[in-house]
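**Student:** Quick one: the structure is below, questions incoming.
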There are 4 protein chains.
Amino acid sequence: MIRVAILGASGYTARELLNLLTRHPEVEITTLTTRQDSRLHVADVHPALRGRLDLVLENLPLEEVAKRADCVFGCLPHGASAAAVSELLAAGCRVVDFSADYRLNDPKVYTQWYGVEHPDPARMPETVYGLPELYRDSIRGADLVANPGCYPTATVLALAPLLKQGVISPQGLVIDAKSGVSGAGRSPKPSLHFPEANENFSAYNIGGHRHTPEIDQVLSSWAEVETQVVFSPHLVPMDRGMLITAYGETTKEITTEGLIEVLKQFYADEPFVRVVDHLPGTKDVVQTNFCDITARRVGSKAVVVSTIDNLLKGASGAAVQNFNLMYDLPESLALL
Amino acid sequence: MIRVAILGASGYTARELLNLLTRHPEVEITTLTTRQDSRLHVADVHPALRGRLDLVLENLPLEEVAKRADCVFGCLPHGASAAAVSELLAAGCRVVDFSADYRLNDPKVYTQWYGVEHPDPARMPETVYGLPELYRDSIRGADLVANPGCYPTATVLALAPLLKQGVISPQGLVIDAKSGVSGAGRSPKPSLHFPEANENFSAYNIGGHRHTPEIDQVLSSWAEVETQVVFSPHLVPMDRGMLITAYGETTKEITTEGLIEVLKQFYADEPFVRVVDHLPGTKDVVQTNFCDITARRVGSKAVVVSTIDNLLKGASGAAVQNFNLMYDLPESLALL
Amino acid sequence: MIRVAILGASGYTARELLNLLTRHPEVEITTLTTRQDSRLHVADVHPALRGRLDLVLENLPLEEVAKRADCVFGCLPHGASAAAVSELLAAGCRVVDFSADYRLNDPKVYTQWYGVEHPDPARMPETVYGLPELYRDSIRGADLVANPGCYPTATVLALAPLLKQGVISPQGLVIDAKSGVSGAGRSPKPSLHFPEANENFSAYNIGGHRHTPEIDQVLSSWAEVETQVVFSPHLVPMDRGMLITAYGETTKEITTEGLIEVLKQFYADEPFVRVVDHLPGTKDVVQTNFCDITARRVGSKAVVVSTIDNLLKGASGAAVQNFNLMYDLPESLALL
Amino acid sequence: MIRVAILGASGYTARELLNLLTRHPEVEITTLTTRQDSRLHVADVHPALRGRLDLVLENLPLEEVAKRADCVFGCLPHGASAAAVSELLAAGCRVVDFSADYRLNDPKVYTQWYGVEHPDPARMPETVYGLPELYRDSIRGADLVANPGCYPTATVLALAPLLKQGVISPQGLVIDAKSGVSGAGRSPKPSLHFPEANENFSAYNIGGHRHTPEIDQVLSSWAEVETQVVFSPHLVPMDRGMLITAYGETTKEITTEGLIEVLKQFYADEPFVRVVDHLPGTKDVVQTNFCDITARRVGSKAVVVSTIDNLLKGASGAAVQNFNLMYDLPESLALL
């Protein structure tokens, strides 16, 4: 059994991770941490887990965590996460990091978008980006995996094959993204108060969302092109689920069927990407680790639609998929 | 034109009140107050009112409010409200008070349920309870009206006629009440964070809700019986609307049709109570000042269903109805 | 491996059943039927199952079903179900029946509430009612189990221990029940059209719901008392989840703590009933097979709140729990 | 008083129209028609109107409608509408037509997108398009006004000023549009069944929506450019409200502030367009006749966000605004 700890276990991604890991046959969850001083039973933090897991969230020093766990899932905010990760790695733990800290390769880009110096810049360029569909071989056996952002996952899976094949131009890409409210986290805010967010569809952070450089970095480096996407996120009045609609200029004559065919070939052997002919909805993938993708040719543009559960394929499901790869377990274990 | 002020103008009841009053032909809204020091334009507090009302929320002394307004709508919390009301009345204003401060007659009951001494106990027993269907004559010309709570409005309208006619027993009444989330106010709380409250139906405060003594007082005094209701509120994942299902033991042979007939006769001339044969839903009344009521005989019990918009007939619509009566205006003005 | 078929596999309970059974280590799903002539792939009927199950829904004769399956889950409407069940049992299959056909013991009561003659009345009184918390021993090894209705499950689990202990009176019980919309099935109807049902809370079928006699039969026979509940269902604008608030007259001095203690003792060893101190919400149990229960003493009444996922503990989760018992497998298999 | 009829009065746009017109001081609603033979009271079709309007929906010949009404609001489907409109005009009525029949100028384009021959092609090019912000002068005094589609209204208001000023290119425009479910009408469909549409965000009809040629025609003819927009509609799990995010290539150096300034100047005197600095949400405009617009410069693109209530500014509110202009009444009458 692999002993597992979760740092920062009170949020939604931790809850989903616990839900998956309690069903994982090779995992023993030993440790849950919180940065608050009160000791809370996990059932009082995540009522749905009552009777399934008997653990207390504790404010523990990292050396204690390292003693209790072989693998640590980090659900801490950016900045705080990198500090913890380097210490845990030094103590011999392997880590799946949910924060943005090791997703970007370039410390300068990090500082530009996150407003702080990175505490561990040397490790940035060498850390593997945990998107198995692009980087499976590097994830296998890695000690540290940077778990991707939800928007980048949905976006990169939609666009990477088409860019690589050169059927769409890397210039002028538009990503119109829509997310359920759980993507904004568990801390109450006026704009996320139920009577404000319910029955309300709104745009936020257009052109300024921190997932923008992550999308550009992964698309550009993997497909060996130079992108600068226009990224516009929106908030949908629903709990979970994310759908992005991406627009790229086609570079050659290609039909809707041709676009779909490129995607189908690329993802033919992938366990969690389903290329479909119909236009999908978030409900097709919510509560699963799947990403459903389709495409349409409209005028001179390719329109690509991609949908995931932001908390699963966009966070905790991807983390377990990465964990399975890191430990050479069947990739779908606890995920189907 | 009657000059009107609203105290505490940043919440949902104030927003609804503004929405009604901007359409009221006899009203000039002159003053909006807040207890915060920042001056905010009403359009920044209530975006739907942008372009319809050009006023700033200000932290004003009451004497200044009294100079600017003939009638004041008080949307302050309990305790704070009574202190303001007595001063405004002394300064010659008339007041519709949304708080609980003048709804109860008995200072001891107030202290028991609200946990504080009442700052103005002498005025409690003499203040008229602003439910026009029961107390219309006293509301006309009153200087101070205690605007009823939302649950009491829906409950009292359902049960008062049946108790008065003696067709149900005052003993053992059960009120199972369900409210949209706006009833909980505009302050963010963990349990009202969208991903917590959405897709969630929950009970709260069973047996301990502060509207319980208000229901008992109004039913008991008006119908000249002694009730002690069991009151169980629940939260419904929707913005607005309230429905109560009340259960009373019948005291005589009476059919469903007989129960409905008692209600129809009692409300025959009421502009805002619609006794219907079908089982209503909240959507029949939301965004209106109507209360829809029906009844069923099941076994030995009368089951009475009553639904209102908690923010209109349950708050701001009732307040305008009371205002119209106080100023001898047509009762439905600005409400249809 | 136990070969399993599902009759009527296009609805929501079948979808949830498939979701559970694809994770069940002792089950091979071999057959899905539909009463429509078109052959549809399960992924086109239930998009979330795409890539997880490769089967087609077929309009098959029962003898063919019996050849392919050891155990059949029947998701057919009442009437149609009984006809199929008797044929399948005769052919040697074991059956978990989701319909109401074998829940009631008395053919006359069945005809009174369902409006038709029962096609297989002899089997009615001998069929075991599939509520493991009350009838576990009879379910073990049974060839036919009548899977309970969702409302009866939530209600009976709330009230049975208190009635058996005699702390509440069997007379005058009131069940105020609230269900998410999936409980109404998958067929579109005007009242369930999204813009009608959304943001709407409504009562329906008060005093006339077909789960009423089922509740009375199970409570009365198991607790050896005579009940005639007043049952009032309501529709909540959410997908899934059910909460009932039950009101019974206490027969002796008993506190809130005393009521909860009776429940805790009764369910101490149950894997899927969690007696809690707080007032629960549906989100605590949705997507799980748990039932959360608590109680309050208010005036002379016991108020019992019970919540389940109507599609899991209220349907498909219970069916798998029954299946596990029938085949002597660990009761929680595929359910945690 | 202007006598008014509504053809096809059972849908959502008719309901909203009735809600506005019952408050309109210059209107007497005399006639409601249906194409079904049953006579239904308006309160049974639209429960919220009970007690506010005492009329029956009738299947009436058009000559009878023409006798009873000075102005007719047509809420019939395309094709059926044009046939009725020409007869009503001939009989001396004035008409506001909600259907698509007179929005397009070119019968060939109509046939291409609607699949039928237009029954009244001669009137197509001369009919005024009822978007007051662009065509106010032509609407004044018109006998027939084609009420715009909801998506075209939100889109054209966002883009027209920027195209006219030449700050964005007419080539390569992308409209990513999101609508609440009421936009799909009142007829139940499997995909709009509450448990399917709720908590689901989906794309539909990308590249094939019938509002596409309407958008191109109005933008092209009014701004004297040639557009061919890529139009992608999506369904949001909420009742009402629509938000479009439009992407256009800037043609010159212009900042976010510059884009907003162009919009503010253009709409400076408009009663129902509010150009704002923040990113708006649908809840800012729902239940109002306002359109809120803002813009951002991102990379080389202008991103324009525009939001309306699809049933008001996108349908019935616009119709009343047009009606007020046709009859030379204050443009905002019954709309604030």
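Just so we're on the same page: first chain in the structure tokens is A, next is B, and so on; residues restart at 1 for each chain, and ligands are numbered from 1 in the order they show up.
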Per DSSP on the backbone, what are the strand (DSSP E or B) residues of segment 60-294 of chain A, as a PyMOL selection string?
**Tutor:** chain A and resi 71-74+94-97+128-129+144-146+168+174-180+193+202-203+230-236+242-250+273-275+281+291-294
**Student:** Could you dump the residues just selected with N, CA and C atoms as a compact mmCIF listing (two decimals), in the first residue's frame?
**Tutor:**
```
# COMPACT_ATOMS: atom_id res chain seq x y z
N CYS A 71 3.66 9.44 -0.64
CA CYS A 71 3.29 10.40 -1.69
C CYS A 71 2.39 11.47 -1.11
N VAL A 72 2.66 12.71 -1.46
CA VAL A 72 1.89 13.84 -0.94
C VAL A 72 1.18 14.55 -2.09
N PHE A 73 -0.14 14.76 -1.91
CA PHE A 73 -0.89 15.59 -2.85
C PHE A 73 -1.00 16.98 -2.23
N GLY A 74 -0.47 17.97 -2.91
CA GLY A 74 -0.46 19.32 -2.38
C GLY A 74 -1.62 20.15 -2.90
N ARG A 94 7.34 11.67 -2.71
CA ARG A 94 6.99 12.07 -4.07
C ARG A 94 5.76 12.97 -3.97
N VAL A 95 5.59 13.86 -4.93
CA VAL A 95 4.58 14.91 -4.79
C VAL A 95 3.80 15.12 -6.09
N VAL A 96 2.48 15.19 -5.94
CA VAL A 96 1.63 15.74 -7.01
C VAL A 96 1.15 17.09 -6.52
N ASP A 97 1.54 18.15 -7.22
CA ASP A 97 1.27 19.50 -6.75
C ASP A 97 0.11 20.12 -7.56
N VAL A 128 7.91 18.04 -14.57
CA VAL A 128 7.04 17.54 -15.64
C VAL A 128 5.63 18.09 -15.46
N TYR A 129 5.02 18.47 -16.57
CA TYR A 129 3.64 18.98 -16.58
C TYR A 129 2.70 17.78 -16.72
N LEU A 144 8.13 14.50 -8.88
CA LEU A 144 7.27 15.68 -8.74
C LEU A 144 6.51 15.89 -10.04
N VAL A 145 5.21 16.01 -9.94
CA VAL A 145 4.39 16.31 -11.10
C VAL A 145 3.57 17.56 -10.81
N ALA A 146 3.61 18.50 -11.74
CA ALA A 146 2.78 19.70 -11.63
C ALA A 146 1.43 19.38 -12.27
N ILE A 168 -4.51 24.26 -38.03
CA ILE A 168 -4.93 25.61 -37.62
C ILE A 168 -3.68 26.44 -37.34
N VAL A 174 -8.55 32.12 -30.11
CA VAL A 174 -9.47 32.64 -29.12
C VAL A 174 -10.02 31.47 -28.31
N ILE A 175 -9.95 31.59 -26.97
CA ILE A 175 -10.51 30.56 -26.08
C ILE A 175 -11.62 31.20 -25.28
N ASP A 176 -12.84 30.83 -25.58
CA ASP A 176 -13.97 31.31 -24.80
C ASP A 176 -14.34 30.18 -23.83
N ALA A 177 -14.06 30.42 -22.53
CA ALA A 177 -14.14 29.33 -21.54
C ALA A 177 -15.25 29.59 -20.54
N LYS A 178 -15.90 28.50 -20.11
CA LYS A 178 -17.02 28.61 -19.18
C LYS A 178 -16.85 27.57 -18.09
N SER A 179 -16.95 27.99 -16.82
CA SER A 179 -16.73 27.07 -15.71
C SER A 179 -17.84 27.14 -14.69
N GLY A 180 -18.17 25.99 -14.10
CA GLY A 180 -19.03 25.96 -12.92
C GLY A 180 -18.35 26.64 -11.75
N HIS A 193 -21.94 34.39 -3.48
CA HIS A 193 -23.08 34.17 -2.59
C HIS A 193 -24.22 33.63 -3.46
N SER A 202 -21.79 35.27 -16.12
CA SER A 202 -20.97 36.49 -16.20
C SER A 202 -19.58 36.18 -16.73
N ALA A 203 -18.99 37.17 -17.31
CA ALA A 203 -17.59 37.11 -17.72
C ALA A 203 -16.73 37.63 -16.59
N VAL A 230 -6.06 34.58 -26.83
CA VAL A 230 -6.99 35.46 -26.15
C VAL A 230 -7.87 34.55 -25.31
N PHE A 231 -7.83 34.72 -23.98
CA PHE A 231 -8.51 33.79 -23.09
C PHE A 231 -9.57 34.52 -22.27
N SER A 232 -10.82 34.12 -22.43
CA SER A 232 -11.95 34.80 -21.77
C SER A 232 -12.73 33.82 -20.92
N PRO A 233 -12.54 33.83 -19.61
CA PRO A 233 -13.32 32.91 -18.77
C PRO A 233 -14.68 33.50 -18.37
N HIS A 234 -15.63 32.61 -18.16
CA HIS A 234 -16.98 32.98 -17.73
C HIS A 234 -17.42 32.04 -16.62
N LEU A 235 -18.34 32.52 -15.81
CA LEU A 235 -18.86 31.73 -14.69
C LEU A 235 -20.28 31.27 -15.00
N VAL A 236 -20.51 29.95 -14.89
CA VAL A 236 -21.82 29.36 -15.19
C VAL A 236 -22.50 28.99 -13.87
N MET A 242 -16.94 22.18 -16.96
CA MET A 242 -16.27 23.26 -17.68
C MET A 242 -16.34 22.94 -19.16
N LEU A 243 -16.58 23.97 -19.96
CA LEU A 243 -16.62 23.77 -21.41
C LEU A 243 -15.88 24.92 -22.05
N ILE A 244 -14.98 24.61 -22.97
CA ILE A 244 -14.33 25.70 -23.66
C ILE A 244 -14.68 25.60 -25.16
N THR A 245 -14.82 26.76 -25.77
CA THR A 245 -15.05 26.84 -27.20
C THR A 245 -13.86 27.61 -27.76
N ALA A 246 -13.07 26.91 -28.59
CA ALA A 246 -11.83 27.51 -29.10
C ALA A 246 -11.98 27.78 -30.59
N TYR A 247 -11.43 28.91 -31.02
CA TYR A 247 -11.55 29.36 -32.41
C TYR A 247 -10.16 29.55 -32.99
N GLY A 248 -9.86 28.82 -34.06
CA GLY A 248 -8.58 29.00 -34.73
C GLY A 248 -8.78 29.10 -36.24
N GLU A 249 -7.92 29.87 -36.88
CA GLU A 249 -7.99 30.01 -38.34
C GLU A 249 -7.42 28.74 -38.99
N THR A 250 -8.19 28.14 -39.87
CA THR A 250 -7.66 26.96 -40.56
C THR A 250 -6.60 27.40 -41.57
N VAL A 273 -9.93 10.44 -23.10
CA VAL A 273 -10.38 11.45 -24.06
C VAL A 273 -11.33 10.78 -25.05
N ARG A 274 -12.53 11.35 -25.18
CA ARG A 274 -13.52 10.78 -26.08
C ARG A 274 -13.82 11.82 -27.17
N VAL A 275 -13.37 11.58 -28.37
CA VAL A 275 -13.68 12.49 -29.48
C VAL A 275 -15.05 12.08 -30.03
N GLY A 281 -22.13 18.41 -23.88
CA GLY A 281 -22.43 19.27 -22.75
C GLY A 281 -21.66 18.81 -21.54
N CYS A 291 -12.62 13.65 -20.88
CA CYS A 291 -12.71 14.90 -21.64
C CYS A 291 -13.38 14.57 -22.96
N ASP A 292 -14.50 15.23 -23.26
CA ASP A 292 -15.18 15.02 -24.55
C ASP A 292 -14.86 16.20 -25.46
N ILE A 293 -14.49 15.88 -26.68
CA ILE A 293 -14.06 16.92 -27.64
C ILE A 293 -14.75 16.71 -28.98
N THR A 294 -15.11 17.80 -29.63
CA THR A 294 -15.53 17.73 -31.03
C THR A 294 -15.09 19.01 -31.73
```
**Student:** Compute the set of chain C residues within 6 Å of chain B, using only C-alpha atoms, and express it as a list in words.
**Tutor:**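 Residues passing the distance filter: Glu199, Asn200, Phe201, Ser202, Ala203, Gly207, Met238, Leu279, Gly281, Thr282, Lys283 and Val298 of chain C.
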**Student:** If you keep C-alpha atoms, can you produce a file of those selected residues as an mmCIF file, in the first residue's frame?
**Tutor:**
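After the write, result13.cif holds the following:
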```cif
data_model
loop_
_atom_site.group_PDB
_atom_site.id
_atom_site.type_symbol
_atom_site.label_atom_id
_atom_site.label_comp_id
_atom_site.auth_asym_id
_atom_site.auth_seq_id
_atom_site.Cartn_x
_atom_site.Cartn_y
_atom_site.Cartn_z
ATOM 1 C CA GLU C 199 -36.489 28.214 -9.568
ATOM 2 C CA ASN C 200 -39.837 26.689 -8.648
ATOM 3 C CA PHE C 201 -40.818 24.822 -5.508
ATOM 4 C CA SER C 202 -44.207 23.178 -5.639
ATOM 5 C CA ALA C 203 -46.427 20.701 -3.872
ATOM 6 C CA GLY C 207 -52.812 12.865 -0.002
ATOM 7 C CA MET C 238 -32.484 20.290 -8.223
ATOM 8 C CA LEU C 279 -29.720 19.058 10.575
ATOM 9 C CA GLY C 281 -28.981 18.589 3.723
ATOM 10 C CA THR C 282 -29.386 16.492 0.621
ATOM 11 C CA LYS C 283 -25.861 17.374 -0.524
ATOM 12 C CA VAL C 298 -40.367 20.513 19.457
#
```
**Student:** Could you tell me how far atom CA of Arg186 of chain C lies from atom CA of Gly11 of chain C, in Å and to one decimal?
**Tutor:**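 It comes out at 5.9 Å.
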**Student:** Just give me the gap between atom CA of Leu89 of chain C and atom CA of His211 of chain C in Å, one decimal is fine.
**Tutor:**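 Computing the Euclidean distance for atom CA of Leu89 of chain C and atom CA of His211 of chain C yields 25.5 Å.
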**Student:** Within 9 Å of Arg68 of chain C, counting only C-alpha atoms, which residues qualify if same-chain residues fewer than 3 places away don't, as a PyMOL selection string?
**Tutor:** chain C and resi 3-5+30-31+63-65
**Student:** Write out as a VMD selection string the residues lying within 10 Å of segment 261-268 of chain A, counting only C-alpha atoms and excluding same-chain residues fewer than 3 positions away.
**Tutor:** chain A and resid 133 157 to 162 165 167 255 to 258 271 to 277 293 to 295
